[in-house]
>>> print(open('my_file.csv').read())   # CSV, C-alpha atoms
chain,number,residue,atom,x,y,z
A,1,MET,CA,22.4,27.4,-16.9
A,2,ALA,CA,22.2,30.9,-15.5
A,3,SER,CA,21.0,32.4,-18.8
A,4,LYS,CA,18.4,29.6,-19.1
A,5,ASN,CA,17.1,30.4,-15.6
A,6,LEU,CA,17.1,34.1,-16.3
A,7,ARG,CA,15.3,33.6,-19.6
A,8,ARG,CA,12.6,31.6,-17.8
A,9,ALA,CA,12.4,34.1,-15.0
A,10,SER,CA,12.0,37.1,-17.3
A,11,SER,CA,9.2,35.4,-19.4
A,12,ILE,CA,7.3,33.4,-16.8
A,13,ALA,CA,7.9,34.2,-13.1
A,14,VAL,CA,10.7,35.1,-10.8
A,15,TYR,CA,11.5,32.3,-8.3
A,16,ASP,CA,14.4,33.8,-6.4
A,17,GLU,CA,14.5,37.2,-4.7
A,18,ASP,CA,18.1,37.8,-5.6
A,19,GLU,CA,17.4,37.0,-9.2
A,20,GLU,CA,14.4,39.3,-9.2
A,21,GLN,CA,16.6,42.1,-7.8
A,22,ARG,CA,19.2,41.5,-10.6
A,23,LEU,CA,16.4,41.6,-13.2
A,24,ILE,CA,15.2,45.0,-11.8
A,25,ILE,CA,18.8,46.4,-11.9
A,26,MET,CA,19.3,45.1,-15.4
A,27,ARG,CA,16.0,46.5,-16.6
A,28,LYS,CA,16.7,49.9,-15.2
A,29,ALA,CA,20.2,49.9,-16.8
A,30,PHE,CA,18.8,48.8,-20.1
A,31,GLN,CA,16.1,51.4,-20.1
A,32,MET,CA,18.6,54.1,-19.3
A,33,PHE,CA,20.7,53.2,-22.3
A,34,ASP,CA,17.7,52.6,-24.6
A,35,THR,CA,17.6,56.4,-25.2
A,36,THR,CA,15.2,56.1,-28.2
A,37,LYS,CA,12.9,53.8,-26.2
A,38,CYS,CA,12.7,51.3,-29.1
A,39,GLY,CA,13.3,48.2,-27.0
A,40,PHE,CA,16.9,47.7,-28.2
A,41,ILE,CA,20.3,48.9,-27.3
A,42,ASP,CA,23.5,48.8,-29.3
A,43,THR,CA,25.8,45.9,-28.3
A,44,VAL,CA,28.7,48.4,-28.0
A,45,LYS,CA,26.9,49.9,-25.0
A,46,ILE,CA,26.9,46.7,-23.0
A,47,SER,CA,30.4,47.2,-21.7
A,48,THR,CA,29.5,50.7,-20.6
A,49,ILE,CA,26.4,49.4,-18.8
A,50,LEU,CA,28.6,46.8,-17.0
A,51,ASN,CA,31.1,49.4,-16.1
A,52,THR,CA,28.3,51.7,-14.9
A,53,LEU,CA,27.1,48.9,-12.7
A,54,GLY,CA,30.6,48.4,-11.3
A,55,GLN,CA,30.9,45.0,-12.8
A,56,GLN,CA,34.2,43.5,-13.9
A,57,PHE,CA,34.3,41.5,-17.0
A,58,ASP,CA,36.6,40.0,-19.6
A,59,GLU,CA,36.2,41.7,-23.0
A,60,GLY,CA,36.7,38.4,-24.9
A,61,GLU,CA,34.1,36.6,-22.8
A,62,LEU,CA,31.7,39.6,-23.3
A,63,GLN,CA,32.2,39.5,-27.0
A,64,ASP,CA,31.6,35.7,-27.1
A,65,LEU,CA,28.3,36.2,-25.3
A,66,ILE,CA,27.3,39.1,-27.6
A,67,ASP,CA,28.0,36.9,-30.6
A,68,GLU,CA,25.9,34.1,-29.1
A,69,GLU,CA,22.9,36.5,-28.4
A,70,ASP,CA,23.3,38.4,-31.7
A,71,PRO,CA,24.2,35.7,-34.2
A,72,GLU,CA,23.1,37.8,-37.2
A,73,GLU,CA,25.5,40.6,-36.0
A,74,THR,CA,22.8,43.3,-36.1
A,75,GLY,CA,24.7,45.2,-33.4
A,76,ARG,CA,21.6,45.4,-31.3
A,77,VAL,CA,19.9,43.4,-28.6
A,78,ASN,CA,16.6,43.4,-26.8
A,79,PHE,CA,16.2,43.3,-23.0
A,80,ASP,CA,16.1,39.5,-22.8
A,81,GLN,CA,19.2,39.1,-24.9
A,82,PHE,CA,20.9,41.8,-22.8
A,83,ALA,CA,19.8,40.1,-19.5
A,84,ASN,CA,21.3,36.8,-20.7
A,85,ILE,CA,24.6,38.5,-21.4
A,86,ALA,CA,24.7,40.7,-18.3
A,87,SER,CA,23.7,38.0,-15.9
A,88,ASN,CA,27.0,36.3,-16.5
A,89,PHE,CA,28.8,39.3,-14.9
A,90,LEU,CA,26.5,40.5,-12.1
A,91,ILE,CA,28.1,39.9,-8.7
A,92,GLU,CA,26.3,38.6,-5.7
A,93,ASP,CA,24.8,40.7,-3.0
A,94,GLU,CA,27.6,40.0,-0.5
A,95,ASP,CA,29.6,42.6,-2.3
A,96,SER,CA,26.9,45.2,-2.3
A,97,GLU,CA,28.2,47.0,0.8
A,98,ALA,CA,31.7,47.3,-0.7
A,99,ILE,CA,30.2,48.6,-3.9
A,100,GLN,CA,28.1,51.1,-2.1
A,101,GLN,CA,31.2,52.3,-0.2
A,102,GLU,CA,33.2,52.6,-3.5
A,103,LEU,CA,30.3,54.5,-5.1
A,104,LYS,CA,30.1,56.8,-2.1
A,105,GLU,CA,33.8,57.6,-2.4
A,106,ALA,CA,33.5,58.1,-6.1
A,107,PHE,CA,30.6,60.5,-5.6
A,108,ARG,CA,32.6,62.5,-3.0
A,109,MET,CA,35.4,62.7,-5.4
A,110,TYR,CA,33.2,64.5,-8.0
A,111,ASP,CA,31.3,66.5,-5.4
A,112,ARG,CA,34.3,68.8,-5.0
A,113,GLU,CA,32.5,71.4,-2.9
A,114,GLY,CA,30.8,68.9,-0.6
A,115,ASN,CA,27.3,70.1,-1.5
A,116,GLY,CA,25.8,66.7,-1.6
A,117,TYR,CA,25.2,66.8,-5.4
A,118,ILE,CA,27.1,66.8,-8.7
A,119,THR,CA,26.1,68.7,-11.8
A,120,THR,CA,24.6,66.9,-14.7
A,121,SER,CA,27.5,68.3,-16.8
A,122,THR,CA,29.9,66.6,-14.5
A,123,LEU,CA,27.9,63.3,-14.7
A,124,LYS,CA,27.9,63.6,-18.4
A,125,GLU,CA,31.8,63.8,-18.4
A,126,ILE,CA,31.9,60.7,-16.1
A,127,LEU,CA,29.6,58.7,-18.4
A,128,ALA,CA,31.6,59.9,-21.5
A,129,ALA,CA,34.8,58.8,-19.8
A,130,LEU,CA,33.3,55.3,-19.1
A,131,ASP,CA,32.5,54.9,-22.8
A,132,ASP,CA,33.8,57.1,-25.6
A,133,LYS,CA,31.4,55.4,-28.0
A,134,LEU,CA,28.4,57.2,-26.4
A,135,THR,CA,27.1,60.1,-28.6
A,136,ASN,CA,26.0,63.4,-27.2
A,137,ASP,CA,22.4,62.3,-27.9
A,138,ASP,CA,23.0,59.1,-25.9
A,139,LEU,CA,24.5,61.1,-23.0
A,140,ASP,CA,21.7,63.7,-23.1
A,141,GLY,CA,19.1,61.0,-23.1
A,142,MET,CA,20.7,59.3,-20.1
A,143,ILE,CA,21.0,62.6,-18.2
A,144,ASN,CA,17.3,63.4,-18.9
A,145,GLU,CA,16.4,60.0,-17.5
A,146,ILE,CA,18.5,60.6,-14.4
A,147,ASP,CA,17.6,64.2,-13.8
A,148,ALA,CA,13.9,63.8,-14.3
A,149,ASP,CA,13.1,67.0,-12.4
A,150,GLY,CA,15.4,69.0,-14.6
A,151,SER,CA,17.3,70.6,-11.7
A,152,GLY,CA,20.7,70.2,-13.4
A,153,THR,CA,22.0,68.3,-10.4
A,154,VAL,CA,22.2,64.7,-9.2
A,155,ASP,CA,22.3,64.0,-5.5
A,156,PHE,CA,23.8,60.9,-3.9
A,157,ASP,CA,20.5,59.0,-3.9
A,158,GLU,CA,20.0,59.6,-7.6
A,159,PHE,CA,23.6,58.7,-8.3
A,160,MET,CA,23.2,55.5,-6.4
A,161,GLU,CA,20.0,54.6,-8.2
A,162,MET,CA,21.7,55.2,-11.5
A,163,MET,CA,24.7,53.1,-10.7
A,164,THR,CA,23.0,50.2,-8.9
A,165,GLY,CA,19.3,50.4,-10.0
A,166,GLU,CA,18.2,50.4,-6.4
>>> encode(input="my_file.csv", output="structure tokens")
Amino acid sequence: MASKNLRRASSIAVYDEDEEQRLIIMRKAFQMFDTTKCGFIDTVKISTILNTLGQQFDEGELQDLIDEEDPEETGRVNFDQFANIASNFLIEDEDSEAIQQELKEAFRMYDREGNGYITTSTLKEILAALDDKLTNDDLDGMINEIDADGSGTVDFDEFMEMMTGE
């Protein structure tokens, strides 16, 4: 039911503000991992995206959903297919304060000097730790997307935007 509603929302109109917000978050996450800007991501990256968004999921359930959306086993999905998969795991907004607090603590843990930013090399290590399947090119593309000004650092707001899409 949720995936049917999501499919309709992404192709026609968004009826629900929460659903619209989830679509925005999913689109930003998808675009960040679509490093070649071809409109597809590798299915192996979906677990990394869910981890990056702070979502808990069952590997078996995730694989079943991937199999359903990628029946030809191409190993790639477009945004609509990704949204149908990810929508099964996105948590409701009631937990957003708790997530924001957890992300703030995680950021502080990596901002060892308390400067209010982390280096892109540190962020690259974090992302690589989240998913060892990401190549250096994938990581560099993601870092370039996040650090658009090329400063070599990511402040808390940029970090939050990357992690939550907000």
>>> residues_around(input="my_file.csv", residues="Asp111 of chain A", least_positions_apart="4", cutoff="12 Å", atoms="only C-alpha atoms", output="PDB file with C-alpha atoms, keeping the file's coordinate frame")
ATOM      1  CA  LYS A 104      30.100  56.800  -2.100  1.00  0.00           C
ATOM      2  CA  GLU A 105      33.800  57.600  -2.400  1.00  0.00           C
ATOM      3  CA  ALA A 106      33.500  58.100  -6.100  1.00  0.00           C
ATOM      4  CA  PHE A 107      30.600  60.500  -5.600  1.00  0.00           C
ATOM      5  CA  ASN A 115      27.300  70.100  -1.500  1.00  0.00           C
ATOM      6  CA  GLY A 116      25.800  66.700  -1.600  1.00  0.00           C
ATOM      7  CA  TYR A 117      25.200  66.800  -5.400  1.00  0.00           C
ATOM      8  CA  ILE A 118      27.100  66.800  -8.700  1.00  0.00           C
ATOM      9  CA  THR A 119      26.100  68.700 -11.800  1.00  0.00           C
ATOM     10  CA  THR A 120      24.600  66.900 -14.700  1.00  0.00           C
ATOM     11  CA  THR A 122      29.900  66.600 -14.500  1.00  0.00           C
ATOM     12  CA  LEU A 123      27.900  63.300 -14.700  1.00  0.00           C
ATOM     13  CA  THR A 153      22.000  68.300 -10.400  1.00  0.00           C
ATOM     14  CA  VAL A 154      22.200  64.700  -9.200  1.00  0.00           C
ATOM     15  CA  ASP A 155      22.300  64.000  -5.500  1.00  0.00           C
ATOM     16  CA  PHE A 156      23.800  60.900  -3.900  1.00  0.00           C
ATOM     17  CA  PHE A 159      23.600  58.700  -8.300  1.00  0.00           C
TER      18      PHE A 159
END
>>> residues_around(input="my_file.csv", residues="Asp140 of chain A", least_positions_apart="5", cutoff="9 Å", atoms="only C-alpha atoms", output="CSV table (one decimal) with C-alpha atoms, in the coordinates of the input")
chain,number,residue,atom,x,y,z
A,35,THR,CA,17.6,56.4,-25.2
A,124,LYS,CA,27.9,63.6,-18.4
A,135,THR,CA,27.1,60.1,-28.6
A,145,GLU,CA,16.4,60.0,-17.5
>>> atom_distance(input="my_file.csv", atom1="atom CA of Met32 of chain A", atom2="atom CA of Glu59 of chain A")
21.8 Å
>>> residues_around(input="my_file.csv", residues="Leu127 of chain A", least_positions_apart="6", cutoff="9 Å", atoms="all atoms listed in the file", output="VMD selection string")
chain A and resid 48 52 134 139
>>> write_last_selection(input="my_file.csv", atoms="C-alpha atoms", output="mmCIF file, in the coordinates of the input")
data_model
loop_
_atom_site.group_PDB
_atom_site.id
_atom_site.type_symbol
_atom_site.label_atom_id
_atom_site.label_comp_id
_atom_site.auth_asym_id
_atom_site.auth_seq_id
_atom_site.Cartn_x
_atom_site.Cartn_y
_atom_site.Cartn_z
ATOM 1 C CA THR A 48 29.500 50.700 -20.600
ATOM 2 C CA THR A 52 28.300 51.700 -14.900
ATOM 3 C CA LEU A 134 28.400 57.200 -26.400
ATOM 4 C CA LEU A 139 24.500 61.100 -23.000
#
>>> residues_near_point(input="my_file.csv", point="(22.4, 54.0, -18.2)", cutoff="7 Å", atoms="all atoms listed in the file", output="ChimeraX atom specification")
/A:29-30,32-33,49,142,162
>>> atom_distance(input="my_file.csv", atom1="atom CA of Lys45 of chain A", atom2="atom CA of Ile146 of chain A")
17.2 Å
>>> residues_around(input="my_file.csv", residues="Lys133 of chain A", least_positions_apart="3", cutoff="12 Å", atoms="all atoms listed in the file", output="number ranges by chain")
A: 42-48, 127-130, 136-139
>>> residues_around(input="my_file.csv", residues="segment 61-68 of chain A", least_positions_apart="4", cutoff="9 Å", atoms="all atoms listed in the file", output="MDAnalysis selection string")
chainID A and resid 43 46:47 57 72:73 75 77 81:82 84:86 88:89
